[in-house]
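Student: Got a file for you: query-v7.cif, mmCIF, C-alpha atoms.
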data_query
#
loop_
_atom_site.label_atom_id
_atom_site.label_comp_id
_atom_site.auth_asym_id
_atom_site.auth_seq_id
_atom_site.Cartn_x
_atom_site.Cartn_y
_atom_site.Cartn_z
CA MET A 1 4.10 -16.44 21.97
CA ARG A 2 0.60 -15.89 20.58
CA LYS A 3 0.39 -15.95 16.80
CA THR A 4 -0.68 -12.67 15.19
CA GLU A 5 -4.15 -13.06 13.70
CA ARG A 6 -4.93 -12.10 10.15
CA VAL A 7 -6.77 -8.78 9.88
CA SER A 8 -10.04 -8.38 8.00
CA ASP A 9 -10.05 -7.34 4.38
CA SER A 10 -12.02 -4.24 5.38
CA TYR A 11 -9.12 -3.12 7.58
CA ARG A 12 -6.67 -3.63 4.71
CA TRP A 13 -8.87 -1.57 2.41
CA MET A 14 -9.20 1.13 5.08
CA GLN A 15 -5.40 1.43 5.17
CA LEU A 16 -5.39 1.67 1.39
CA ALA A 17 -8.10 4.35 1.43
CA ILE A 18 -6.14 6.50 3.89
CA GLY A 19 -3.11 6.27 1.65
CA VAL A 20 -5.18 7.26 -1.39
CA ILE A 21 -6.57 10.37 0.34
CA CYS A 22 -3.05 11.41 1.32
CA MET A 23 -1.96 10.99 -2.29
CA VAL A 24 -4.89 13.11 -3.50
CA MET A 25 -3.79 15.89 -1.18
CA ILE A 26 -0.25 16.06 -2.62
CA ALA A 27 -1.21 15.66 -6.29
CA ASN A 28 -1.43 19.39 -6.99
CA LEU A 29 2.19 19.86 -6.01
CA GLN A 30 3.10 18.25 -9.34
CA TYR A 31 0.04 18.37 -11.57
CA GLY A 32 -1.11 21.87 -10.64
CA TRP A 33 2.28 23.45 -11.33
CA THR A 34 1.62 24.01 -15.04
CA PHE A 35 -1.07 26.60 -14.22
CA PHE A 36 1.32 28.69 -12.15
CA VAL A 37 4.15 28.84 -14.71
CA PRO A 38 2.61 31.45 -17.09
CA GLU A 39 1.57 33.63 -14.13
CA ILE A 40 5.04 33.50 -12.57
CA GLN A 41 6.57 34.36 -15.94
CA LYS A 42 4.15 37.23 -16.51
CA THR A 43 4.59 38.66 -13.00
CA PHE A 44 8.37 38.48 -12.71
CA GLY A 45 9.58 38.14 -16.31
CA PHE A 46 11.64 35.02 -15.63
CA ASP A 47 12.68 32.76 -18.50
CA ARG A 48 10.29 29.82 -18.83
CA ALA A 49 13.05 27.22 -18.85
CA ALA A 50 14.51 28.79 -15.69
CA ILE A 51 11.10 28.59 -13.99
CA GLN A 52 10.82 24.92 -14.96
CA TRP A 53 14.00 24.15 -13.05
CA ALA A 54 11.79 24.64 -9.99
CA PHE A 55 9.59 21.80 -11.25
CA THR A 56 12.67 19.67 -11.87
CA LEU A 57 13.97 20.36 -8.35
CA PHE A 58 10.57 19.39 -6.94
CA VAL A 59 10.65 16.04 -8.75
CA LEU A 60 14.29 15.42 -7.85
CA PHE A 61 13.72 15.93 -4.13
CA GLU A 62 10.37 14.12 -4.30
CA THR A 63 12.08 11.04 -5.71
CA TRP A 64 15.75 10.83 -4.84
CA LEU A 65 15.23 10.88 -1.08
CA VAL A 66 12.35 8.37 -1.11
CA PRO A 67 14.76 5.48 -0.35
CA VAL A 68 15.84 7.29 2.84
CA GLU A 69 12.24 7.99 3.78
CA GLY A 70 11.38 4.39 2.86
CA TRP A 71 14.07 3.16 5.25
CA PHE A 72 12.39 5.11 8.06
CA VAL A 73 9.03 3.60 7.05
CA ASP A 74 10.41 0.05 7.02
CA LYS A 75 12.03 0.60 10.43
CA TYR A 76 9.64 2.88 12.32
CA GLY A 77 6.31 2.63 10.49
CA PRO A 78 4.35 5.04 8.30
CA LYS A 79 2.85 7.51 10.81
CA ILE A 80 5.82 9.71 11.58
CA VAL A 81 7.01 9.86 7.97
CA VAL A 82 3.63 10.94 6.56
CA LEU A 83 3.16 13.50 9.37
CA PHE A 84 6.57 14.96 8.54
CA GLY A 85 5.73 14.95 4.83
CA GLY A 86 2.39 16.69 5.25
CA VAL A 87 3.97 19.56 7.16
CA LEU A 88 6.67 20.04 4.52
CA CYS A 89 4.12 19.98 1.68
CA GLY A 90 2.25 22.87 3.25
CA VAL A 91 5.40 24.83 4.04
CA GLY A 92 6.69 24.47 0.47
CA TRP A 93 3.66 26.07 -1.13
CA VAL A 94 3.49 28.79 1.52
CA ILE A 95 7.05 29.72 0.52
CA ASN A 96 5.96 29.79 -3.14
CA ALA A 97 3.15 32.16 -2.16
CA TYR A 98 5.65 34.74 -0.90
CA ALA A 99 8.49 34.08 -3.36
CA SER A 100 9.68 36.94 -5.56
CA SER A 101 12.90 35.40 -6.90
CA LEU A 102 13.78 32.23 -8.75
CA ASN A 103 15.93 31.06 -5.84
CA LEU A 104 13.00 31.30 -3.42
CA PHE A 105 10.76 29.35 -5.80
CA TYR A 106 13.51 26.75 -5.98
CA VAL A 107 13.62 26.54 -2.18
CA GLY A 108 9.84 26.20 -1.97
CA GLN A 109 9.80 23.42 -4.53
CA VAL A 110 12.64 21.56 -2.82
CA ILE A 111 10.77 21.58 0.50
CA ALA A 112 7.49 20.59 -1.17
CA GLY A 113 9.35 17.80 -2.99
CA LEU A 114 10.76 16.43 0.26
CA GLY A 115 7.25 16.36 1.73
CA ALA A 116 5.62 14.83 -1.34
CA GLY A 117 8.27 12.12 -1.52
CA ALA A 118 7.74 11.18 2.11
CA VAL A 119 3.99 10.84 1.58
CA TYR A 120 4.20 9.14 -1.82
CA GLY A 121 6.85 6.59 -0.91
CA THR A 122 5.14 5.70 2.36
CA CYS A 123 1.67 5.21 0.88
CA VAL A 124 2.85 3.12 -2.08
CA GLY A 125 5.16 1.04 0.12
CA ASN A 126 2.36 0.42 2.60
CA ALA A 127 0.02 -0.72 -0.19
CA LEU A 128 2.64 -3.14 -1.52
CA LYS A 129 2.96 -4.68 1.95
CA TRP A 130 -0.75 -4.95 2.77
CA PHE A 131 -1.73 -6.56 -0.56
CA PRO A 132 0.72 -9.26 -1.69
CA ASP A 133 -2.25 -10.99 -3.33
CA LYS A 134 -3.34 -7.91 -5.32
CA ARG A 135 -0.08 -6.00 -5.51
CA GLY A 136 -0.55 -4.40 -8.94
CA LEU A 137 -4.10 -3.30 -8.19
CA ALA A 138 -3.25 -1.93 -4.72
CA ALA A 139 -0.23 -0.01 -5.96
CA GLY A 140 -2.31 1.26 -8.86
CA ILE A 141 -5.19 2.47 -6.71
CA THR A 142 -2.76 4.26 -4.39
CA ALA A 143 -0.84 5.84 -7.25
CA ALA A 144 -4.20 6.83 -8.80
CA GLY A 145 -4.71 9.20 -5.92
CA PHE A 146 -1.64 11.07 -7.08
CA GLY A 147 -2.49 10.83 -10.78
CA ALA A 148 -6.15 11.84 -10.59
CA GLY A 149 -6.11 13.68 -7.28
CA SER A 150 -5.82 17.09 -8.87
CA ALA A 151 -8.70 16.58 -11.34
CA LEU A 152 -11.31 18.13 -9.05
CA THR A 153 -9.11 21.14 -8.35
CA VAL A 154 -8.04 21.98 -11.91
CA ALA A 155 -10.84 24.52 -12.32
CA PRO A 156 -10.77 25.89 -8.71
CA ILE A 157 -7.02 26.55 -8.91
CA GLN A 158 -7.45 28.38 -12.22
CA TRP A 159 -10.37 30.36 -10.82
CA MET A 160 -8.43 31.36 -7.73
CA ILE A 161 -5.40 32.33 -9.83
CA ALA A 162 -7.62 34.46 -12.09
CA ASP A 163 -9.63 36.00 -9.24
CA GLN A 164 -7.10 36.38 -6.40
CA GLY A 165 -3.72 35.77 -7.99
CA PHE A 166 -1.38 32.80 -8.06
CA GLN A 167 0.07 33.68 -4.64
CA ALA A 168 -3.32 33.19 -2.97
CA ALA A 169 -3.75 29.86 -4.73
CA PHE A 170 -0.34 28.68 -3.49
CA LEU A 171 -1.13 29.78 0.06
CA ASN A 172 -4.66 28.44 0.45
CA PHE A 173 -4.18 25.12 -1.29
CA GLY A 174 -0.81 24.57 0.38
CA ILE A 175 -2.12 25.01 3.91
CA GLY A 176 -5.29 23.00 3.29
CA GLN A 177 -3.53 20.05 1.72
CA GLY A 178 -0.77 19.96 4.33
CA VAL A 179 -3.17 19.96 7.29
CA ILE A 180 -5.26 17.08 5.92
CA VAL A 181 -2.21 14.88 5.25
CA ALA A 182 -0.79 15.53 8.72
CA ALA A 183 -4.10 14.59 10.36
CA LEU A 184 -4.51 11.35 8.37
CA ALA A 185 -0.99 10.24 9.26
CA PHE A 186 -2.13 9.16 12.73
CA PHE A 187 -4.41 6.48 11.25
CA LEU A 188 -1.77 4.70 9.15
CA ALA A 189 -0.23 1.39 10.23
CA ALA A 190 2.09 -1.22 8.70
CA PRO A 191 1.13 -4.93 8.61
CA ARG A 192 2.72 -7.33 11.09
CA LYS A 193 3.65 -10.88 10.21
CA GLY A 194 0.56 -13.08 10.03
CA GLN A 195 -1.86 -10.21 9.42
CA ILE A 196 -1.88 -10.53 5.63
CA PRO A 197 -2.79 -13.49 3.37
CA GLU A 198 -0.29 -15.82 1.77
CA VAL A 199 -0.06 -15.65 -2.01
CA THR A 200 -1.27 -18.96 -3.45
CA SER A 201 -1.48 -18.26 -7.18
CA THR A 202 -0.44 -15.36 -9.35
CA ALA A 203 0.38 -14.57 -12.95
CA ASN A 204 3.54 -12.95 -11.65
CA ILE A 205 6.37 -14.97 -10.22
CA GLN A 206 7.24 -13.59 -6.77
CA SER A 207 10.48 -14.02 -4.90
CA ARG A 208 10.46 -15.62 -1.44
CA ARG A 209 13.81 -14.00 -0.81
CA ASN A 210 13.87 -10.50 0.67
CA TYR A 211 16.73 -8.55 -0.88
CA THR A 212 18.21 -5.74 1.20
CA PRO A 213 18.54 -2.35 -0.51
CA SER A 214 22.31 -2.78 -0.76
CA GLU A 215 21.76 -6.09 -2.58
CA VAL A 216 19.16 -4.60 -4.91
CA VAL A 217 21.44 -1.89 -6.27
CA ARG A 218 23.99 -4.56 -7.16
CA GLN A 219 21.48 -6.43 -9.34
CA PRO A 220 21.85 -5.58 -13.08
CA ILE A 221 18.14 -6.26 -13.63
CA PHE A 222 17.33 -3.43 -11.23
CA TRP A 223 19.21 -1.03 -13.51
CA LEU A 224 17.35 -2.32 -16.56
CA MET A 225 14.07 -1.45 -14.80
CA TYR A 226 15.58 1.89 -13.80
CA PHE A 227 16.53 2.74 -17.39
CA MET A 228 13.07 1.80 -18.65
CA PHE A 229 11.43 3.91 -15.93
CA VAL A 230 13.57 6.91 -16.93
CA ILE A 231 12.87 6.83 -20.66
CA VAL A 232 9.13 6.30 -20.20
CA GLY A 233 8.83 8.76 -17.32
CA ALA A 234 10.61 11.61 -19.11
CA GLY A 235 7.99 12.00 -21.83
CA GLY A 236 5.08 12.13 -19.42
CA LEU A 237 6.83 14.58 -17.10
CA MET A 238 7.67 16.84 -20.02
CA ILE A 239 4.00 17.02 -21.02
CA THR A 240 2.87 17.39 -17.38
CA ALA A 241 5.15 20.38 -16.81
CA ASN A 242 4.47 22.00 -20.19
CA LEU A 243 0.85 21.16 -21.01
CA LYS A 244 -0.33 24.76 -20.89
CA PRO A 245 2.77 26.21 -22.62
CA ILE A 246 2.45 23.58 -25.37
CA ALA A 247 -1.22 24.42 -25.86
CA ALA A 248 -0.40 28.13 -25.96
CA ASP A 249 2.47 27.68 -28.41
CA ILE A 250 0.28 25.75 -30.86
CA HIS A 251 -2.59 28.21 -30.29
CA VAL A 252 -5.24 25.83 -28.98
CA ASP A 253 -5.26 26.74 -25.27
CA LYS A 254 -8.20 29.18 -25.37
CA VAL A 255 -10.26 27.48 -28.09
CA PRO A 256 -13.61 26.09 -26.82
CA VAL A 257 -14.03 22.33 -27.24
CA THR A 258 -17.27 20.37 -26.83
CA ILE A 259 -17.30 16.67 -25.95
CA LEU A 260 -20.50 14.81 -25.03
CA GLY A 261 -22.33 18.10 -24.56
CA VAL A 262 -19.71 19.57 -22.22
CA THR A 263 -17.86 22.69 -23.40
CA MET A 264 -14.62 24.07 -21.95
CA VAL A 265 -11.60 25.81 -23.36
CA ALA A 266 -9.11 23.24 -24.64
CA ILE A 267 -6.47 23.58 -21.91
CA THR A 268 -8.98 23.23 -19.05
CA PHE A 269 -10.71 20.30 -20.78
CA ALA A 270 -7.40 18.59 -21.50
CA ALA A 271 -6.05 19.10 -17.98
CA THR A 272 -9.24 17.74 -16.39
CA ILE A 273 -9.46 14.67 -18.63
CA ASP A 274 -5.74 14.06 -18.33
CA ARG A 275 -5.89 13.96 -14.53
CA VAL A 276 -8.82 11.57 -14.50
CA LEU A 277 -7.33 9.18 -17.05
CA ASN A 278 -3.88 9.43 -15.49
CA GLY A 279 -5.49 8.22 -12.29
CA LEU A 280 -7.71 5.51 -13.76
CA THR A 281 -4.86 3.94 -15.71
CA ARG A 282 -2.92 3.08 -12.55
CA PRO A 283 -5.40 0.65 -10.97
CA PHE A 284 -6.59 -0.52 -14.41
CA PHE A 285 -3.18 -1.56 -15.69
CA GLY A 286 -2.20 -2.71 -12.20
CA TRP A 287 -5.21 -5.06 -12.24
CA VAL A 288 -4.38 -6.17 -15.80
CA SER A 289 -0.79 -6.90 -14.74
CA ASP A 290 -2.07 -9.08 -11.86
CA LYS A 291 -3.88 -11.12 -14.51
CA ILE A 292 -1.53 -11.29 -17.50
CA GLY A 293 1.87 -10.38 -16.02
CA ARG A 294 3.81 -7.16 -15.45
CA GLU A 295 6.01 -7.30 -18.54
CA ASN A 296 3.17 -8.16 -20.95
CA THR A 297 1.26 -5.18 -19.58
CA MET A 298 4.29 -2.91 -19.95
CA PHE A 299 4.61 -3.92 -23.59
CA ILE A 300 1.01 -2.95 -24.30
CA ALA A 301 0.99 0.28 -22.31
CA PHE A 302 4.35 1.64 -23.47
CA ALA A 303 3.50 0.93 -27.12
CA MET A 304 0.21 2.80 -26.63
CA GLU A 305 2.12 5.72 -25.13
CA GLY A 306 4.56 5.91 -28.03
CA PHE A 307 1.69 5.82 -30.54
CA GLY A 308 -0.25 8.47 -28.61
CA ILE A 309 2.66 10.91 -28.45
CA TYR A 310 3.35 10.45 -32.16
CA MET A 311 -0.31 11.15 -33.00
CA LEU A 312 -0.22 14.22 -30.73
CA TYR A 313 2.75 15.41 -32.81
CA LEU A 314 0.72 14.88 -36.01
CA TRP A 315 -2.75 16.08 -34.96
CA GLY A 316 -2.25 18.13 -31.79
CA HIS A 317 -2.83 21.43 -33.62
CA ASP A 318 -6.53 20.59 -33.79
CA PRO A 319 -8.12 21.60 -30.42
CA LEU A 320 -10.41 18.54 -30.22
CA TRP A 321 -7.60 16.13 -31.04
CA PHE A 322 -5.32 17.96 -28.59
CA VAL A 323 -7.79 17.21 -25.79
CA LEU A 324 -8.45 13.61 -26.83
CA LEU A 325 -4.84 12.66 -27.57
CA SER A 326 -3.39 14.29 -24.46
CA GLY A 327 -5.88 12.21 -22.47
CA PHE A 328 -4.79 9.07 -24.32
CA VAL A 329 -1.12 9.89 -23.65
CA PHE A 330 -1.73 10.33 -19.92
CA PHE A 331 -3.78 7.12 -19.79
CA ALA A 332 -0.90 5.19 -21.34
CA TRP A 333 1.72 6.88 -19.15
CA GLY A 334 0.42 6.86 -15.59
CA GLU A 335 0.60 3.08 -15.21
CA ILE A 336 4.38 3.22 -14.67
CA TYR A 337 3.62 4.18 -11.07
CA SER A 338 1.83 0.89 -10.46
CA LEU A 339 3.78 -1.46 -12.73
CA PHE A 340 7.32 -0.61 -11.67
CA PRO A 341 6.87 -0.71 -7.87
CA SER A 342 4.89 -3.97 -8.04
CA THR A 343 7.48 -5.51 -10.39
CA CYS A 344 10.25 -4.40 -8.04
CA THR A 345 8.55 -5.96 -5.01
CA ASP A 346 7.71 -9.16 -6.91
CA THR A 347 11.40 -9.46 -7.80
CA PHE A 348 13.09 -8.41 -4.57
CA GLY A 349 10.58 -9.31 -1.82
CA SER A 350 8.25 -7.32 0.45
CA LYS A 351 10.27 -6.93 3.68
CA PHE A 352 12.09 -3.86 2.38
CA ALA A 353 9.37 -2.89 -0.12
CA ALA A 354 9.22 0.80 0.77
CA THR A 355 12.97 1.26 0.50
CA ASN A 356 13.49 -0.86 -2.62
CA ALA A 357 10.52 0.61 -4.48
CA GLY A 358 11.84 4.01 -3.39
CA LEU A 359 15.21 3.25 -4.95
CA LEU A 360 13.48 2.51 -8.25
CA TYR A 361 11.23 5.56 -7.88
CA THR A 362 14.31 7.80 -8.00
CA ALA A 363 14.23 7.12 -11.74
CA LYS A 364 11.41 9.67 -11.87
CA GLY A 365 13.86 12.26 -10.52
CA THR A 366 16.42 11.31 -13.13
CA ALA A 367 13.74 11.62 -15.82
CA ALA A 368 12.84 15.07 -14.52
CA LEU A 369 16.35 16.28 -15.39
CA LEU A 370 15.32 15.98 -19.03
CA VAL A 371 12.34 18.37 -18.65
CA PRO A 372 14.33 21.65 -18.88
CA PHE A 373 16.27 20.25 -21.83
CA ALA A 374 12.95 19.68 -23.60
CA ASN A 375 12.31 23.40 -23.15
CA TYR A 376 15.76 24.27 -24.48
CA LEU A 377 15.16 22.04 -27.51
CA GLN A 378 11.81 23.70 -28.10
CA GLN A 379 13.36 27.15 -27.85
CA SER A 380 16.16 26.27 -30.27
CA THR A 381 13.78 24.89 -32.90
CA ALA A 382 10.76 27.11 -32.15
CA ASN A 383 8.48 24.04 -32.07
CA TRP A 384 7.80 20.89 -30.05
CA ASP A 385 8.26 18.40 -32.92
CA GLY A 386 11.68 17.07 -31.88
CA VAL A 387 10.55 16.65 -28.28
CA PHE A 388 7.46 14.68 -29.31
CA LEU A 389 9.38 12.39 -31.65
CA ALA A 390 12.11 11.65 -29.08
CA ALA A 391 9.51 10.83 -26.42
CA ALA A 392 7.56 8.56 -28.80
CA GLY A 393 10.71 6.66 -29.75
CA ALA A 394 11.75 6.20 -26.12
CA ASN A 395 8.40 4.59 -25.28
CA ILE A 396 8.58 2.19 -28.22
CA LEU A 397 12.07 1.16 -27.09
CA ALA A 398 10.82 0.53 -23.54
CA SER A 399 7.92 -1.61 -24.80
CA ILE A 400 10.35 -3.84 -26.71
CA LEU A 401 12.74 -4.11 -23.74
CA ALA A 402 9.87 -5.18 -21.47
CA ILE A 403 8.95 -8.24 -23.46
CA ALA A 404 12.27 -9.15 -25.07
CA LEU A 405 14.67 -8.61 -22.16
CA LEU A 406 13.01 -7.87 -18.81
CA LYS A 407 10.52 -10.75 -18.89
CA PRO A 408 12.95 -13.66 -19.46
CA TRP A 409 15.66 -12.08 -17.32
CA ARG A 410 13.38 -11.53 -14.33
CA LYS A 411 12.15 -15.13 -14.53
CA ARG A 412 15.73 -16.39 -14.34
CA VAL A 413 16.57 -14.09 -11.41
CA VAL A 414 13.51 -14.99 -9.32
CA THR A 415 13.70 -18.71 -10.11
CA GLY A 416 17.37 -18.73 -9.15
CA ALA A 417 16.63 -16.95 -5.88
CA GLN A 418 13.83 -19.44 -5.14
CA ALA A 419 16.11 -22.42 -5.73
CA ASP A 420 18.78 -20.90 -3.50
CA ALA A 421 16.23 -20.21 -0.76
CA ASP A 422 15.00 -23.82 -0.88
CA VAL A 423 18.47 -25.26 -0.19
CA PRO A 424 18.94 -25.92 3.56
CA ALA A 425 21.71 -23.90 5.20
CA GLY A 426 23.64 -27.10 6.13
CA ALA A 427 23.50 -28.31 2.55
CA LYS A 428 24.94 -25.01 1.33
CA VAL A 429 27.89 -25.43 3.68
CA ALA A 430 28.38 -29.04 2.56
CA VAL A 431 28.35 -28.04 -1.10
CA ALA A 432 30.84 -25.28 -0.39
#
Could you write out this file's structure as structure tokens?

Tutor:
Amino acid sequence: MRKTERVSDSYRWMQLAIGVICMVMIANLQYGWTFFVPEIQKTFGFDRAAIQWAFTLFVLFETWLVPVEGWFVDKYGPKIVVLFGGVLCGVGWVINAYASSLNLFYVGQVIAGLGAGAVYGTCVGNALKWFPDKRGLAAGITAAGFGAGSALTVAPIQWMIADQGFQAAFLNFGIGQGVIVAALAFFLAAPRKGQIPEVTSTANIQSRRNYTPSEVVRQPIFWLMYFMFVIVGAGGLMITANLKPIAADIHVDKVPVTILGVTMVAITFAATIDRVLNGLTRPFFGWVSDKIGRENTMFIAFAMEGFGIYMLYLWGHDPLWFVLLSGFVFFAWGEIYSLFPSTCTDTFGSKFAATNAGLLYTAKGTAALLVPFANYLQQSTANWDGVFLAAAGANILASILAIALLKPWRKRVVTGAQADADVPAGAKVAVA
């Protein structure tokens, strides 16, 4: 049997680039939603918290079924899953374009969430497999497509909503994004054994054992990572879903802000900067984690996030500081989408990377359940102070857990798995 030859680095980067473009195409499904909420409320008179359940349903179905979609990727390859996802992404926003009831918006967001999850989980899982030597960076670049992908369309979506209505924006962007994803699906491929380089040195200890998904969910350390993902993810999702309502409630949304000679109203400036920084942070902190370790990087980033949210609570009423601090918060938040999947694959092996990372990614869906409750808290207190303080505290807790608990625990787990893997099968029987 002829040994499979290693592919060129250019081919690996081409696979990564295709995944990034697919991620860019689905980014508006999450990050563009905030611009539709006020228009939906104004047109139909729905309660804002009730509308945001559509966002929560999107995130739930985007995340909680990723392990199932990841299983299909691990077994059948990425093409069919991304093709399926692209079609559903388009269909979901077309439904939103014609929706006139909350239930129909919920249906549209569920379908869009299913499609986005299929694309997201496949592209991240594929990056983790193609780049064992640069896992944090590759996962970060791929996730950056989702984080920063909507930056270029922040203004066009708002213009189309203002000029043609939010239904036209849903329809046109939905169809365009869905078609591009479906077309790119045919160029995706998964690596075969021997096609990728062996890892010779890394700042992150990597397991040579490949845990099956059923084994992963029985590992207590997996649930520690899950809990950390939830408490960090909730704050960022709350701000993502409510950025425009927050700006409106504190009366800074329509105030012009000038930075480096560029002037925009605060909400447009903030949304644009947030998308860019939320994208840049993913490869940046992924690269940093390849150099200094995942847990050390988590400690730094989560502490930054907690500080940023607290300062937004203190100074967010100033339009300039609202723009600058919201950008800082998104920069310190987006890295969870590179750090957690790479940490998961380092710990549990790459054979089932798409499925196992997908299991951990469901934590985003769990975090999304807290978004409507943030709105209820805001409505009960008539301000966002309690929400900001809770989110800041959760991030500080996660930063401490990363360095004090996750780091030593993960070292013990991986080292133990390595030692077990190095014992010959006959010796295990003899010892037994």

Student: Counting only C-alpha atoms, what are the residues of region 111-198 of chain A within 10 Å of region 268-275 of chain A, and for each of them which pair of atoms is the nearest and at what distance in Å, to one decimal? Sort the table by chain and rising number, as JSON lines.

Tutor:
{"residue": "A:Ala144", "atom": "CA", "partner": "A:Arg275", "partner_atom": "CA", "distance": 9.3}
{"residue": "A:Gly145", "atom": "CA", "partner": "A:Arg275", "partner_atom": "CA", "distance": 9.9}
{"residue": "A:Phe146", "atom": "CA", "partner": "A:Arg275", "partner_atom": "CA", "distance": 9.1}
{"residue": "A:Gly147", "atom": "CA", "partner": "A:Arg275", "partner_atom": "CA", "distance": 6.0}
{"residue": "A:Ala148", "atom": "CA", "partner": "A:Arg275", "partner_atom": "CA", "distance": 4.5}
{"residue": "A:Gly149", "atom": "CA", "partner": "A:Arg275", "partner_atom": "CA", "distance": 7.3}
{"residue": "A:Ser150", "atom": "CA", "partner": "A:Arg275", "partner_atom": "CA", "distance": 6.5}
{"residue": "A:Ala151", "atom": "CA", "partner": "A:Arg275", "partner_atom": "CA", "distance": 5.0}
{"residue": "A:Leu152", "atom": "CA", "partner": "A:Thr272", "partner_atom": "CA", "distance": 7.6}
{"residue": "A:Thr153", "atom": "CA", "partner": "A:Thr272", "partner_atom": "CA", "distance": 8.7}
{"residue": "A:Val154", "atom": "CA", "partner": "A:Thr272", "partner_atom": "CA", "distance": 6.3}
{"residue": "A:Ala155", "atom": "CA", "partner": "A:Thr268", "partner_atom": "CA", "distance": 7.1}
{"residue": "A:Gln158", "atom": "CA", "partner": "A:Thr268", "partner_atom": "CA", "distance": 8.7}

Student: Under the rule of at most 12 Å, produce a per-residue listing of region 196-261 of chain A near region 299-304 of chain A: chain, number, name, the closest pair of atoms, and the distance in Å, as a Markdown table, using all atoms listed in the file.

Tutor:
| residue | atom | partner | partner_atom | distance |
| --- | --- | --- | --- | --- |
| A:Met228 | CA | A:Phe302 | CA | 10.0 |
| A:Phe229 | CA | A:Phe302 | CA | 10.6 |
| A:Ile231 | CA | A:Phe302 | CA | 10.4 |
| A:Val232 | CA | A:Phe302 | CA | 7.4 |
| A:Gly233 | CA | A:Phe302 | CA | 10.4 |
| A:Gly235 | CA | A:Phe302 | CA | 11.1 |
| A:Gly236 | CA | A:Phe302 | CA | 11.3 |

Student: Any chance you could export the current selection's C-alpha atoms as an mmCIF file, in the frame of the given file?

Tutor:
data_model
loop_
_atom_site.group_PDB
_atom_site.id
_atom_site.type_symbol
_atom_site.label_atom_id
_atom_site.label_comp_id
_atom_site.auth_asym_id
_atom_site.auth_seq_id
_atom_site.Cartn_x
_atom_site.Cartn_y
_atom_site.Cartn_z
ATOM 1 C CA MET A 228 13.070 1.800 -18.650
ATOM 2 C CA PHE A 229 11.430 3.910 -15.930
ATOM 3 C CA ILE A 231 12.870 6.830 -20.660
ATOM 4 C CA VAL A 232 9.130 6.300 -20.200
ATOM 5 C CA GLY A 233 8.830 8.760 -17.320
ATOM 6 C CA GLY A 235 7.990 12.000 -21.830
ATOM 7 C CA GLY A 236 5.080 12.130 -19.420
#

Student: Could you check which of A:Ala54, A:Ile161, A:Gly286, A:Thr347 is closest to Leu104 (chain A), using only C-alpha atoms?

Tutor: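 Among the listed residues, the smallest separation from Leu104 (chain A) belongs to A:Ala54.
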
Student: Quick one: contact table of region 360-395 of chain A to region 318-335 of chain A, 12 Å max, nearest atom pair and distance in Å to one decimal per residue, counting all atoms listed in the file, chain and number order, as CSV?

Tutor:
residue,atom,partner,partner_atom,distance
A:Lys364,CA,A:Gly334,CA,11.9
A:Phe388,CA,A:Val329,CA,11.3
A:Ala391,CA,A:Val329,CA,11.0
A:Ala392,CA,A:Val329,CA,10.2
A:Asn395,CA,A:Trp333,CA,9.4

Student: Using only C-alpha atoms, please write the residues we just selected to a file, as a CSV table (one decimal), in the frame of the given file.

Tutor:
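New file again-v3.csv:
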chain,number,residue,atom,x,y,z
A,364,LYS,CA,11.4,9.7,-11.9
A,388,PHE,CA,7.5,14.7,-29.3
A,391,ALA,CA,9.5,10.8,-26.4
A,392,ALA,CA,7.6,8.6,-28.8
A,395,ASN,CA,8.4,4.6,-25.3

Student: Counting only C-alpha atoms, which of A:Arg412, A:Lys407, A:Arg12, A:Arg208 gets nearest to Ala138 (chain A)?

Tutor: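 Checking each of A:Arg412, A:Lys407, A:Arg12, A:Arg208 against Ala138 (chain A), counting only C-alpha atoms, the winner is A:Arg12.
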
Student: One decimal, Å: what's the distance from CA of Asn278 (chain A) over to CA of Ala241 (chain A), could you say?

Tutor: 14.3 Å

Student: Do you know which residues the PyMOL selection byres ((chain A and resi 408-410) around 12) returns on this file, as a short mmCIF file (atom, residue, chain, number, x, y, z; two decimals) with C-alpha atoms, keeping the file's coordinate frame?

Tutor:
data_model
loop_
_atom_site.label_atom_id
_atom_site.label_comp_id
_atom_site.auth_asym_id
_atom_site.auth_seq_id
_atom_site.Cartn_x
_atom_site.Cartn_y
_atom_site.Cartn_z
CA ASN A 204 3.54 -12.95 -11.65
CA ILE A 205 6.37 -14.97 -10.22
CA GLN A 206 7.24 -13.59 -6.77
CA SER A 207 10.48 -14.02 -4.90
CA GLN A 219 21.48 -6.43 -9.34
CA PRO A 220 21.85 -5.58 -13.08
CA ILE A 221 18.14 -6.26 -13.63
CA PHE A 222 17.33 -3.43 -11.23
CA LEU A 224 17.35 -2.32 -16.56
CA MET A 225 14.07 -1.45 -14.80
CA GLY A 293 1.87 -10.38 -16.02
CA ARG A 294 3.81 -7.16 -15.45
CA GLU A 295 6.01 -7.30 -18.54
CA ASN A 296 3.17 -8.16 -20.95
CA THR A 343 7.48 -5.51 -10.39
CA CYS A 344 10.25 -4.40 -8.04
CA THR A 345 8.55 -5.96 -5.01
CA ASP A 346 7.71 -9.16 -6.91
CA THR A 347 11.40 -9.46 -7.80
CA PHE A 348 13.09 -8.41 -4.57
CA LEU A 401 12.74 -4.11 -23.74
CA ALA A 402 9.87 -5.18 -21.47
CA ILE A 403 8.95 -8.24 -23.46
CA ALA A 404 12.27 -9.15 -25.07
CA LEU A 405 14.67 -8.61 -22.16
CA LEU A 406 13.01 -7.87 -18.81
CA LYS A 407 10.52 -10.75 -18.89
CA LYS A 411 12.15 -15.13 -14.53
CA ARG A 412 15.73 -16.39 -14.34
CA VAL A 413 16.57 -14.09 -11.41
CA VAL A 414 13.51 -14.99 -9.32
CA THR A 415 13.70 -18.71 -10.11
CA GLY A 416 17.37 -18.73 -9.15
CA ALA A 417 16.63 -16.95 -5.88
#
